[in-house]
$ cat query.csv   # CSV, C-alpha atoms and all ligand atoms
chain,number,residue,atom,x,y,z
A,1,MET,CA,6.2,22.2,7.9
A,2,ILE,CA,2.7,23.3,7.0
A,3,ILE,CA,-0.4,21.3,8.1
A,4,LYS,CA,-3.7,21.8,6.2
A,5,LYS,CA,-6.8,20.1,7.5
A,6,THR,CA,-9.4,21.0,4.9
A,7,ILE,CA,-9.7,20.7,1.1
A,8,LYS,CA,-10.3,24.4,0.7
A,9,SER,CA,-7.3,25.5,2.8
A,10,VAL,CA,-4.9,23.1,1.1
A,11,GLN,CA,-6.1,24.1,-2.4
A,12,LYS,CA,-5.8,27.8,-1.5
A,13,TYR,CA,-2.3,27.2,-0.1
A,14,LEU,CA,-1.2,25.3,-3.2
A,15,ASN,CA,-2.8,27.8,-5.6
A,16,ASN,CA,-0.7,30.6,-4.1
A,17,LYS,CA,2.4,28.4,-3.7
A,18,LYS,CA,2.6,26.6,-7.0
A,19,PRO,CA,3.5,29.4,-9.4
A,20,LYS,CA,6.5,30.2,-7.1
A,21,LEU,CA,7.6,26.5,-6.8
A,22,ILE,CA,10.8,25.5,-8.6
A,23,ASN,CA,10.5,21.9,-7.5
A,24,LYS,CA,8.0,19.4,-8.7
A,25,ILE,CA,5.4,18.1,-6.2
A,26,ALA,CA,5.7,14.5,-4.9
A,27,PHE,CA,2.8,13.0,-3.0
A,28,ILE,CA,2.9,10.2,-0.5
A,29,PRO,CA,-0.6,9.0,0.6
A,30,THR,CA,-0.7,7.3,4.0
A,31,MET,CA,-3.2,6.3,6.6
A,32,GLY,CA,-0.8,7.4,9.4
A,33,ALA,CA,0.8,5.0,12.0
A,34,LEU,CA,3.9,5.9,10.1
A,35,HIS,CA,6.9,3.5,10.1
A,36,GLU,CA,10.2,3.3,8.2
A,37,GLY,CA,8.4,2.0,5.1
A,38,HIS,CA,6.5,5.3,4.8
A,39,LEU,CA,9.6,7.3,5.7
A,40,SER,CA,11.7,5.5,3.1
A,41,LEU,CA,9.2,6.8,0.4
A,42,ILE,CA,9.6,10.3,1.7
A,43,LYS,CA,13.4,9.9,1.7
A,44,LEU,CA,13.2,8.8,-2.0
A,45,ALA,CA,11.3,11.9,-2.8
A,46,LYS,CA,13.7,14.0,-0.9
A,47,GLU,CA,16.7,12.7,-2.9
A,48,ARG,CA,14.9,14.2,-6.0
A,49,GLN,CA,14.4,17.4,-4.2
A,50,TYR,CA,10.6,17.4,-4.7
A,51,PHE,CA,8.2,19.6,-2.8
A,52,ILE,CA,6.8,16.8,-0.6
A,53,ILE,CA,3.1,16.4,0.4
A,54,VAL,CA,2.1,13.6,2.8
A,55,SER,CA,-1.6,12.9,3.5
A,56,ILE,CA,-2.7,11.2,6.7
A,57,TYR,CA,-6.2,9.9,6.4
A,58,VAL,CA,-7.7,6.6,7.5
A,59,ASN,CA,-10.1,6.0,4.6
A,60,PRO,CA,-13.3,4.3,5.7
A,61,SER,CA,-14.3,3.3,2.2
A,62,GLN,CA,-11.4,0.9,1.7
A,63,PHE,CA,-12.3,-1.2,4.8
A,64,ASP,CA,-14.8,-4.0,4.4
A,65,PRO,CA,-17.6,-4.0,7.0
A,66,ASN,CA,-16.0,-6.6,9.2
A,67,GLU,CA,-12.5,-5.0,9.1
A,68,ASP,CA,-10.5,-2.9,11.6
A,69,PHE,CA,-11.5,0.6,10.6
A,70,SER,CA,-12.4,1.8,14.1
A,71,ASN,CA,-9.4,0.1,15.7
A,72,TYR,CA,-6.9,1.1,13.0
A,73,PRO,CA,-3.9,2.7,14.8
A,74,ARG,CA,-4.2,6.5,14.9
A,75,THR,CA,-1.0,8.1,16.1
A,76,LEU,CA,-1.2,11.6,14.7
A,77,ARG,CA,1.1,13.3,17.2
A,78,THR,CA,4.0,10.9,16.7
A,79,ASP,CA,3.4,10.8,13.0
A,80,LEU,CA,3.7,14.6,12.8
A,81,ALA,CA,7.0,14.5,14.8
A,82,LYS,CA,8.4,12.0,12.4
A,83,LEU,CA,7.4,14.1,9.4
A,84,LYS,CA,8.8,17.2,10.9
A,85,LYS,CA,12.2,15.5,11.4
A,86,LEU,CA,12.3,14.7,7.7
A,87,SER,CA,11.3,18.4,6.9
A,88,VAL,CA,8.2,17.3,4.9
A,89,ASP,CA,6.8,20.4,3.2
A,90,LEU,CA,3.1,20.0,3.6
A,91,ILE,CA,0.8,17.6,5.5
A,92,PHE,CA,-2.8,17.1,4.6
A,93,THR,CA,-5.0,15.6,7.3
A,94,PRO,CA,-8.6,16.0,6.1
A,95,LYS,CA,-11.6,15.0,8.2
A,96,ILE,CA,-14.1,12.4,7.1
A,97,ASP,CA,-16.9,15.0,6.8
A,98,ASP,CA,-14.8,17.0,4.4
A,99,ILE,CA,-13.3,14.5,2.0
A,100,SER,CA,-15.6,11.5,2.1
A,101,LYS,CA,-18.8,13.6,1.9
A,102,TYR,CA,-19.3,12.7,-1.8
A,103,THR,CA,-18.2,9.3,-2.9
A,104,PHE,CA,-17.6,7.7,-6.2
A,105,LYS,CA,-18.8,4.4,-4.9
A,106,LYS,CA,-20.8,3.6,-8.0
A,107,MET,CA,-17.9,4.3,-10.2
A,108,LYS,CA,-16.1,1.0,-10.1
A,109,TYR,CA,-12.8,1.1,-11.9
A,110,SER,CA,-12.4,-2.2,-13.8
A,111,THR,CA,-8.7,-2.2,-14.4
A,112,PHE,CA,-8.5,-5.5,-16.2
A,113,GLY,CA,-10.0,-7.1,-13.2
A,114,ILE,CA,-7.0,-6.3,-11.0
A,115,GLU,CA,-9.3,-5.3,-8.2
A,116,ASN,CA,-10.8,-8.8,-8.1
A,117,LYS,CA,-7.5,-10.8,-7.8
A,118,LEU,CA,-5.4,-11.7,-4.8
A,119,CYS,CA,-6.5,-9.4,-2.0
A,120,GLY,CA,-9.5,-8.2,-4.0
A,121,ARG,CA,-11.1,-11.7,-3.8
A,122,PHE,CA,-11.1,-11.4,0.0
A,123,ARG,CA,-11.6,-7.6,0.4
A,124,PRO,CA,-14.2,-6.6,-2.3
A,125,HIS,CA,-14.5,-3.0,-1.0
A,126,HIS,CA,-10.8,-2.5,-0.7
A,127,PHE,CA,-9.5,-1.5,-4.2
A,128,PRO,CA,-12.5,0.6,-5.3
A,129,GLY,CA,-12.2,2.4,-1.9
A,130,VAL,CA,-8.5,3.0,-2.5
A,131,ALA,CA,-9.2,4.3,-6.0
A,132,GLU,CA,-11.9,6.6,-4.7
A,133,ILE,CA,-9.7,8.3,-2.2
A,134,VAL,CA,-6.5,8.4,-4.1
A,135,LEU,CA,-8.2,10.0,-7.1
A,136,LYS,CA,-9.7,12.6,-4.9
A,137,PHE,CA,-6.3,13.4,-3.4
A,138,LEU,CA,-4.7,13.6,-6.8
A,139,SER,CA,-7.4,16.0,-8.1
A,140,ILE,CA,-7.0,18.2,-5.0
A,141,LEU,CA,-3.2,18.2,-4.8
A,142,LYS,CA,-2.2,17.7,-8.4
A,143,PRO,CA,1.2,16.2,-7.8
A,144,GLU,CA,3.7,15.4,-10.6
A,145,VAL,CA,4.8,12.2,-8.8
A,146,ILE,CA,3.1,9.8,-6.4
A,147,TYR,CA,5.1,7.3,-4.4
A,148,LEU,CA,3.7,3.9,-3.2
A,149,GLY,CA,5.3,0.9,-1.4
A,150,GLN,CA,6.1,-2.4,-2.9
A,151,LYS,CA,4.6,-4.3,0.0
A,152,ASP,CA,1.2,-3.3,-1.4
A,153,TYR,CA,2.3,-4.3,-4.9
A,154,GLN,CA,-1.3,-5.0,-6.1
A,155,GLN,CA,-2.3,-1.5,-4.9
A,156,PHE,CA,0.7,0.0,-6.7
A,157,PHE,CA,-0.1,-1.7,-9.9
A,158,TYR,CA,-3.9,-1.0,-9.7
A,159,LEU,CA,-3.4,2.7,-9.1
A,160,LYS,CA,-0.7,2.9,-11.8
A,161,ARG,CA,-3.2,1.4,-14.3
A,162,ILE,CA,-6.0,3.7,-13.2
A,163,ILE,CA,-3.7,6.8,-13.5
A,164,GLU,CA,-2.7,5.6,-17.0
A,165,GLN,CA,-6.3,5.0,-18.0
A,166,THR,CA,-7.6,8.3,-16.8
A,167,ASN,CA,-4.6,10.1,-18.4
A,168,LEU,CA,-3.7,11.9,-15.2
A,169,PRO,CA,-0.4,13.6,-15.9
A,170,MET,CA,1.8,12.1,-13.2
A,171,LYS,CA,4.4,9.4,-12.6
A,172,VAL,CA,3.8,6.5,-10.2
A,173,LYS,CA,6.9,5.3,-8.5
A,174,MET,CA,7.5,2.3,-6.2
A,175,GLY,CA,9.7,2.2,-3.1
A,176,LYS,CA,11.0,-1.1,-2.0
A,177,THR,CA,9.6,-3.1,1.0
A,178,ILE,CA,11.3,-2.2,4.3
A,179,ARG,CA,11.7,-5.1,6.6
A,180,GLU,CA,12.6,-5.7,10.3
A,181,ASN,CA,15.8,-7.7,10.9
A,182,SER,CA,13.6,-10.7,11.3
A,183,GLY,CA,12.5,-10.2,7.6
A,184,LEU,CA,8.9,-9.3,8.5
A,185,ALA,CA,7.7,-6.5,6.2
A,186,LEU,CA,6.9,-3.3,8.1
A,187,SER,CA,3.2,-2.6,8.3
A,188,SER,CA,1.0,-0.4,10.6
A,189,ARG,CA,-0.9,-3.6,11.4
A,190,ASN,CA,2.2,-5.2,12.9
A,191,LYS,CA,1.3,-3.3,16.1
A,192,TYR,CA,-1.5,-5.8,16.6
A,193,LEU,CA,0.9,-8.8,16.9
A,194,SER,CA,1.5,-10.3,20.3
A,195,LYS,CA,5.0,-11.6,21.1
A,196,ASP,CA,4.0,-15.1,20.2
A,197,ASP,CA,2.2,-14.0,17.0
A,198,HIS,CA,5.3,-12.1,16.0
A,199,GLU,CA,7.4,-15.3,16.2
A,200,ILE,CA,4.9,-16.9,13.8
A,201,SER,CA,4.8,-13.9,11.5
A,202,VAL,CA,8.4,-14.0,10.6
A,203,HIS,CA,7.8,-17.2,8.7
A,204,LEU,CA,5.9,-15.3,6.1
A,205,TYR,CA,9.0,-13.9,4.4
A,206,LYS,CA,11.0,-17.0,5.1
A,207,THR,CA,8.4,-19.0,3.3
A,208,LEU,CA,8.4,-16.6,0.3
A,209,LYS,CA,12.2,-16.9,0.0
A,210,GLU,CA,12.1,-20.7,0.3
A,211,THR,CA,9.3,-21.0,-2.2
A,212,ARG,CA,11.2,-18.8,-4.6
A,213,LEU,CA,14.2,-21.2,-4.3
A,214,LEU,CA,12.1,-24.2,-4.9
A,215,ILE,CA,10.4,-22.7,-7.9
A,216,LYS,CA,13.8,-21.9,-9.3
A,217,ASN,CA,14.8,-25.6,-8.7
A,218,GLY,CA,11.9,-26.6,-10.9
A,219,LEU,CA,9.4,-28.0,-8.4
A,220,ASN,CA,5.9,-28.5,-9.6
A,221,LEU,CA,4.2,-25.1,-8.7
A,222,SER,CA,0.7,-26.2,-7.6
A,223,SER,CA,1.9,-29.0,-5.3
A,224,LEU,CA,4.7,-26.8,-3.9
A,225,LEU,CA,2.2,-24.0,-3.1
A,226,LYS,CA,-0.2,-26.4,-1.4
A,227,LYS,CA,2.7,-27.8,0.7
A,228,GLN,CA,3.9,-24.4,1.7
A,229,LYS,CA,0.4,-23.4,2.8
A,230,LYS,CA,0.0,-26.5,4.9
A,231,LYS,CA,3.4,-25.8,6.5
A,232,LEU,CA,2.4,-22.2,7.4
A,233,LEU,CA,-0.8,-23.5,9.1
A,234,LYS,CA,1.2,-25.9,11.1
A,235,ILE,CA,3.6,-23.1,12.2
A,236,GLY,CA,0.6,-21.2,13.7
A,237,PHE,CA,-1.0,-19.1,10.9
A,238,THR,CA,-4.7,-19.4,11.4
A,239,LYS,CA,-5.8,-18.9,7.8
A,240,ILE,CA,-4.1,-18.4,4.4
A,241,ASP,CA,-6.1,-16.3,2.0
A,242,TYR,CA,-3.7,-17.0,-0.8
A,243,LEU,CA,-0.2,-18.0,-1.8
A,244,GLU,CA,0.1,-17.4,-5.5
A,245,VAL,CA,2.5,-16.7,-8.3
A,246,LYS,CA,1.5,-14.0,-10.7
A,247,ARG,CA,3.3,-11.9,-13.3
A,248,ASN,CA,4.3,-8.4,-12.5
A,249,ASP,CA,1.2,-7.3,-14.5
A,250,LEU,CA,-0.8,-9.7,-12.2
A,251,LYS,CA,-1.7,-12.0,-15.1
A,252,THR,CA,-1.1,-15.8,-14.8
A,253,SER,CA,2.5,-16.6,-14.7
A,254,THR,CA,3.9,-19.5,-16.6
A,255,LYS,CA,7.2,-21.4,-16.3
A,256,PRO,CA,10.0,-20.2,-16.0
A,257,HIS,CA,8.1,-17.5,-14.1
A,258,LYS,CA,10.2,-14.6,-15.3
A,259,LYS,CA,9.0,-11.1,-14.3
A,260,SER,CA,6.8,-12.8,-11.8
A,261,ARG,CA,6.2,-12.5,-8.1
A,262,ILE,CA,5.1,-14.7,-5.2
A,263,PHE,CA,2.2,-13.1,-3.3
A,264,ILE,CA,0.9,-14.1,0.1
A,265,ALA,CA,-1.9,-13.0,2.5
A,266,ALA,CA,-2.2,-14.9,5.8
A,267,HIS,CA,-3.9,-14.4,9.1
A,268,ILE,CA,-2.6,-14.9,12.6
A,269,ASN,CA,-5.8,-14.7,14.6
A,270,ASP,CA,-7.2,-11.2,13.9
A,271,VAL,CA,-4.2,-9.9,12.1
A,272,ARG,CA,-4.0,-10.1,8.4
A,273,LEU,CA,-0.5,-9.8,6.9
A,274,ILE,CA,0.5,-9.5,3.2
A,275,ASP,CA,3.9,-9.7,1.4
A,276,ASN,CA,5.4,-10.4,-2.0
A,277,ILE,CA,8.8,-11.0,-3.6
A,278,LEU,CA,10.1,-11.0,-7.1
A,279,ILE,CA,11.1,-14.5,-8.4
B,1,LIG,O1,-1.6,2.1,1.4
B,1,LIG,C1,-2.3,2.8,2.1
B,1,LIG,O2,-1.9,3.2,3.2
B,1,LIG,C2,-3.7,3.3,1.6
B,1,LIG,O3,-4.3,2.3,0.9
B,1,LIG,C3,-3.6,4.6,0.8
B,1,LIG,C4,-2.8,4.5,-0.5
B,1,LIG,C5,-3.0,5.7,1.7
B,1,LIG,C6,-5.1,5.0,0.4
B,1,LIG,O4,-5.9,5.3,1.6

$ encode --input "query.csv" --output "C-alpha cells"
Amino acid sequence: MIIKKTIKSVQKYLNNKKPKLINKIAFIPTMGALHEGHLSLIKLAKERQYFIIVSIYVNPSQFDPNEDFSNYPRTLRTDLAKLKKLSVDLIFTPKIDDISKYTFKKMKYSTFGIENKLCGRFRPHHFPGVAEIVLKFLSILKPEVIYLGQKDYQQFFYLKRIIEQTNLPMKVKMGKTIRENSGLALSSRNKYLSKDDHEISVHLYKTLKETRLLIKNGLNLSSLLKKQKKKLLKIGFTKIDYLEVKRNDLKTSTKPHKKSRIFIAAHINDVRLIDNILI
C-alpha cells in the first residue's frame, strides 16, 4: 500500500505507474473516520479488479461556518490499518496547505439547482465545497471510475451531473447504504451520539420505512409528512430540517411516486443525521 501526501508526489507516482497499469483506476474520496460504508465501496471496486485510490481529506470548504470542521473525527492511524487490510493500492492524504491553497469558490456549479435543495437549503456552503474538492481530486488522479455512497444520494447525484456537464471521462457509481442491525445508516458522525441519542436515532430509518408503506397505501403526502415529523420530534429529535419525497433526479415527485425517494435530515442535539430510501 502506497501513501502519498502531496499533489506533486502522487502525480509523479501515477505518471510513472499509469502506462504499466493493466487495470483501470477507481477512486473513492473520503474524509476518513472510515466505517463499513466506505469499506463496502472499496470492496465493490475490488470485485472489478480496479487499481484503487482512496483519498482521506477533511475538506474545510464543505463545512458551513457553524459546523463541526474542527471536531470532525480524525482517525488516520486506524483508517490506514483498515485500508491495508483491504490491500488498497494507493492512499492520498494531502494537507490543507497543498490542496486547498487555490480555491474555486467563485465558481458555483449550478447543476439545475440541485445544490440548493434538501441539504443545500440548510448547508449553503456544502455542495459547492464538495464540487471544488472532488473536481480537484479528479483532475489530479484522473480515475476511470469514482464510487460514492447512497446515504449521500444528493451528493452522488450532484457530482454525477457535474461530471457529465464538464465532460469528464469517468463513470460515477453508487454503493448501497450500509446499516447497523438497528437500521441506522453508518456515518462518521454517528460517533457523536450518546447512548440515549442512539436510541432515538434508530427511529430515522424506521420512520422512512413506515412513511414508504403509508405512501404506498395512498395516504395524502403532505399531511403524512407533517405527521411523521411531529412524531420524530416527540420521540426526541430536536429539529427536522426536512422530510421530503423527490424523484431520483431530485425534481418534484408526483403520485404514484415511482422512481422517487424519501429524504430526511434531522438533528439530535448537535448531531445532524441524514438518510434516504427508494419508494
Ligand atoms: O462524502 C464525503 O465524505 C465527502 O463529501 C467527500 C465526497 C469525500 C468530499 O470531501

$ atom_distance --input "query.csv" --atom1 "atom CA of A:Pro143" --atom2 "atom CA of A:Ile25"
4.9 Å

$ residues_near_ligand --input "query.csv" --ligand "ligand LIG 1 (chain B)" --cutoff "8 Å" --atoms "all atoms listed in the file" --output "VMD selection string"
chain A and resid 28 to 32 55 to 59 62 129 to 131 133 to 134 148 to 149 152 155

$ residues_around --input "query.csv" --residues "stretch 205-212 of chain A" --least-positions-apart "5" --cutoff "7 Å" --atoms "only C-alpha atoms" --output "JSON, numbers by chain"
{"A": [183, 184, 262, 277, 279]}

$ atom_distance --input "query.csv" --atom1 "atom CA of A:Pro73" --atom2 "atom CA of A:Ala33"
5.9 Å

$ atom_distance --input "query.csv" --atom1 "atom CA of A:Lys246" --atom2 "atom CA of A:Thr111"
16.0 Å

$ closest_residue --input "query.csv" --among "A:Thr238, A:Ala26, A:Asn220, A:Leu232" --to "A:Pro256" --atoms "only C-alpha atoms"
A:Asn220

$ residues_around --input "query.csv" --residues "stretch 249-255 of chain A" --least-positions-apart "4" --cutoff "12 Å" --atoms "all atoms listed in the file" --output "JSON, numbers by chain"
{"A": [111, 112, 113, 114, 115, 116, 117, 118, 119, 153, 154, 155, 156, 157, 158, 160, 161, 215, 216, 217, 218, 219, 220, 221, 222, 244, 245, 259, 260, 261, 262, 263, 276, 279]}

$ residues_around --input "query.csv" --residues "A:Ile99" --least-positions-apart "2" --cutoff "12 Å" --atoms "all atoms listed in the file" --output "list of chain:residue names"
A:Lys5, A:Thr6, A:Ile7, A:Lys8, A:Ser55, A:Tyr57, A:Val58, A:Asn59, A:Pro60, A:Ser61, A:Phe92, A:Thr93, A:Pro94, A:Lys95, A:Ile96, A:Asp97, A:Lys101, A:Tyr102, A:Thr103, A:Phe104, A:Glu132, A:Ile133, A:Val134, A:Leu135, A:Lys136, A:Phe137, A:Ser139, A:Ile140

$ closest_residue --input "query.csv" --among "A:Asp79, A:Ile3, A:Gly120, A:Lys17" --to "A:Phe63" --atoms "all atoms listed in the file"
A:Gly120

$ residues_near_point --input "query.csv" --point "(-7.5, -18.7, -0.7)" --cutoff "10 Å" --atoms "all atoms listed in the file" --output "list in words"
Leu118, Cys119, Arg121, Phe122, Lys229, Lys239, Ile240, Asp241, Tyr242, Leu243, Glu244, Ile264, Ala265 and Ala266 of chain A

$ write_last_selection --input "query.csv" --atoms "C-alpha atoms" --output "PDB file, in the coordinates of the input"
ATOM      1  CA  LEU A 118      -5.400 -11.700  -4.800  1.00  0.00           C
ATOM      2  CA  CYS A 119      -6.500  -9.400  -2.000  1.00  0.00           C
ATOM      3  CA  ARG A 121     -11.100 -11.700  -3.800  1.00  0.00           C
ATOM      4  CA  PHE A 122     -11.100 -11.400   0.000  1.00  0.00           C
ATOM      5  CA  LYS A 229       0.400 -23.400   2.800  1.00  0.00           C
ATOM      6  CA  LYS A 239      -5.800 -18.900   7.800  1.00  0.00           C
ATOM      7  CA  ILE A 240      -4.100 -18.400   4.400  1.00  0.00           C
ATOM      8  CA  ASP A 241      -6.100 -16.300   2.000  1.00  0.00           C
ATOM      9  CA  TYR A 242      -3.700 -17.000  -0.800  1.00  0.00           C
ATOM     10  CA  LEU A 243      -0.200 -18.000  -1.800  1.00  0.00           C
ATOM     11  CA  GLU A 244       0.100 -17.400  -5.500  1.00  0.00           C
ATOM     12  CA  ILE A 264       0.900 -14.100   0.100  1.00  0.00           C
ATOM     13  CA  ALA A 265      -1.900 -13.000   2.500  1.00  0.00           C
ATOM     14  CA  ALA A 266      -2.200 -14.900   5.800  1.00  0.00           C
TER      15      ALA A 266
END

$ residues_near_point --input "query.csv" --point "(1.6, 16.0, 0.9)" --cutoff "6 Å" --atoms "all atoms listed in the file" --output "list in words"
Phe27, Ile52, Ile53, Val54, Ser55, Leu90, Ile91 and Phe92 of chain A

$ residues_around --input "query.csv" --residues "stretch 169-182 of chain A" --least-positions-apart "3" --cutoff "7 Å" --atoms "only C-alpha atoms" --output "ChimeraX atom specification"
/A:36-37,41,143-151,160,185-186,202

$ decode --input "query.csv" --residues "stretch 184-204 of chain A" --atoms "N, CA, C and O atoms" --output "PDB file, in the first residue's frame"
ATOM      1  N   LEU A 184     -29.854   2.004  11.637  1.00  0.00           N
ATOM      2  CA  LEU A 184     -29.202   3.313  11.493  1.00  0.00           C
ATOM      3  C   LEU A 184     -28.111   3.234  10.407  1.00  0.00           C
ATOM      4  O   LEU A 184     -27.264   2.336  10.439  1.00  0.00           O
ATOM      5  N   ALA A 185     -28.178   4.160   9.460  1.00  0.00           N
ATOM      6  CA  ALA A 185     -27.174   4.186   8.396  1.00  0.00           C
ATOM      7  C   ALA A 185     -25.813   4.541   8.981  1.00  0.00           C
ATOM      8  O   ALA A 185     -25.710   5.461   9.804  1.00  0.00           O
ATOM      9  N   LEU A 186     -24.770   3.821   8.555  1.00  0.00           N
ATOM     10  CA  LEU A 186     -23.436   4.137   9.083  1.00  0.00           C
ATOM     11  C   LEU A 186     -22.993   5.513   8.605  1.00  0.00           C
ATOM     12  O   LEU A 186     -23.224   5.896   7.460  1.00  0.00           O
ATOM     13  N   SER A 187     -22.393   6.243   9.516  1.00  0.00           N
ATOM     14  CA  SER A 187     -21.890   7.583   9.210  1.00  0.00           C
ATOM     15  C   SER A 187     -20.780   7.894  10.201  1.00  0.00           C
ATOM     16  O   SER A 187     -20.840   7.468  11.360  1.00  0.00           O
ATOM     17  N   SER A 188     -19.790   8.652   9.738  1.00  0.00           N
ATOM     18  CA  SER A 188     -18.692   9.012  10.650  1.00  0.00           C
ATOM     19  C   SER A 188     -19.228   9.834  11.815  1.00  0.00           C
ATOM     20  O   SER A 188     -18.660   9.838  12.904  1.00  0.00           O
ATOM     21  N   ARG A 189     -20.323  10.538  11.594  1.00  0.00           N
ATOM     22  CA  ARG A 189     -20.871  11.391  12.656  1.00  0.00           C
ATOM     23  C   ARG A 189     -21.642  10.591  13.713  1.00  0.00           C
ATOM     24  O   ARG A 189     -21.988  11.147  14.757  1.00  0.00           O
ATOM     25  N   ASN A 190     -21.909   9.301  13.462  1.00  0.00           N
ATOM     26  CA  ASN A 190     -22.599   8.501  14.493  1.00  0.00           C
ATOM     27  C   ASN A 190     -21.768   8.435  15.775  1.00  0.00           C
ATOM     28  O   ASN A 190     -22.288   8.185  16.852  1.00  0.00           O
ATOM     29  N   LYS A 191     -20.450   8.663  15.627  1.00  0.00           N
ATOM     30  CA  LYS A 191     -19.544   8.650  16.791  1.00  0.00           C
ATOM     31  C   LYS A 191     -19.959   9.675  17.837  1.00  0.00           C
ATOM     32  O   LYS A 191     -19.619   9.562  19.008  1.00  0.00           O
ATOM     33  N   TYR A 192     -20.631  10.727  17.403  1.00  0.00           N
ATOM     34  CA  TYR A 192     -21.027  11.798  18.326  1.00  0.00           C
ATOM     35  C   TYR A 192     -22.231  11.416  19.177  1.00  0.00           C
ATOM     36  O   TYR A 192     -22.573  12.135  20.114  1.00  0.00           O
ATOM     37  N   LEU A 193     -22.938  10.324  18.823  1.00  0.00           N
ATOM     38  CA  LEU A 193     -24.203  10.012  19.501  1.00  0.00           C
ATOM     39  C   LEU A 193     -23.962   9.385  20.872  1.00  0.00           C
ATOM     40  O   LEU A 193     -23.209   8.413  20.983  1.00  0.00           O
ATOM     41  N   SER A 194     -24.626   9.913  21.887  1.00  0.00           N
ATOM     42  CA  SER A 194     -24.570   9.262  23.199  1.00  0.00           C
ATOM     43  C   SER A 194     -25.480   8.028  23.128  1.00  0.00           C
ATOM     44  O   SER A 194     -26.189   7.833  22.142  1.00  0.00           O
ATOM     45  N   LYS A 195     -25.462   7.226  24.210  1.00  0.00           N
ATOM     46  CA  LYS A 195     -26.278   6.007  24.197  1.00  0.00           C
ATOM     47  C   LYS A 195     -27.768   6.360  24.052  1.00  0.00           C
ATOM     48  O   LYS A 195     -28.493   5.741  23.265  1.00  0.00           O
ATOM     49  N   ASP A 196     -28.172   7.383  24.768  1.00  0.00           N
ATOM     50  CA  ASP A 196     -29.586   7.792  24.683  1.00  0.00           C
ATOM     51  C   ASP A 196     -29.918   8.325  23.290  1.00  0.00           C
ATOM     52  O   ASP A 196     -30.968   8.036  22.731  1.00  0.00           O
ATOM     53  N   ASP A 197     -28.981   9.130  22.745  1.00  0.00           N
ATOM     54  CA  ASP A 197     -29.197   9.688  21.402  1.00  0.00           C
ATOM     55  C   ASP A 197     -29.299   8.566  20.369  1.00  0.00           C
ATOM     56  O   ASP A 197     -30.084   8.640  19.425  1.00  0.00           O
ATOM     57  N   HIS A 198     -28.488   7.541  20.574  1.00  0.00           N
ATOM     58  CA  HIS A 198     -28.501   6.418  19.633  1.00  0.00           C
ATOM     59  C   HIS A 198     -29.874   5.753  19.604  1.00  0.00           C
ATOM     60  O   HIS A 198     -30.396   5.410  18.541  1.00  0.00           O
ATOM     61  N   GLU A 199     -30.473   5.607  20.781  1.00  0.00           N
ATOM     62  CA  GLU A 199     -31.809   5.003  20.846  1.00  0.00           C
ATOM     63  C   GLU A 199     -32.821   5.814  20.041  1.00  0.00           C
ATOM     64  O   GLU A 199     -33.717   5.264  19.405  1.00  0.00           O
ATOM     65  N   ILE A 200     -32.646   7.122  20.089  1.00  0.00           N
ATOM     66  CA  ILE A 200     -33.547   7.993  19.316  1.00  0.00           C
ATOM     67  C   ILE A 200     -33.245   7.854  17.814  1.00  0.00           C
ATOM     68  O   ILE A 200     -34.145   7.745  16.982  1.00  0.00           O
ATOM     69  N   SER A 201     -31.951   7.811  17.506  1.00  0.00           N
ATOM     70  CA  SER A 201     -31.531   7.865  16.095  1.00  0.00           C
ATOM     71  C   SER A 201     -32.086   6.714  15.257  1.00  0.00           C
ATOM     72  O   SER A 201     -32.305   6.875  14.065  1.00  0.00           O
ATOM     73  N   VAL A 202     -32.322   5.563  15.884  1.00  0.00           N
ATOM     74  CA  VAL A 202     -32.771   4.406  15.094  1.00  0.00           C
ATOM     75  C   VAL A 202     -34.174   4.631  14.521  1.00  0.00           C
ATOM     76  O   VAL A 202     -34.601   3.930  13.604  1.00  0.00           O
ATOM     77  N   HIS A 203     -34.870   5.635  15.039  1.00  0.00           N
ATOM     78  CA  HIS A 203     -36.214   5.922  14.520  1.00  0.00           C
ATOM     79  C   HIS A 203     -36.192   6.624  13.160  1.00  0.00           C
ATOM     80  O   HIS A 203     -37.222   6.743  12.507  1.00  0.00           O
ATOM     81  N   LEU A 204     -35.003   7.059  12.749  1.00  0.00           N
ATOM     82  CA  LEU A 204     -34.902   7.728  11.449  1.00  0.00           C
ATOM     83  C   LEU A 204     -35.259   6.745  10.326  1.00  0.00           C
ATOM     84  O   LEU A 204     -36.132   7.012   9.486  1.00  0.00           O
TER      85      LEU A 204
END
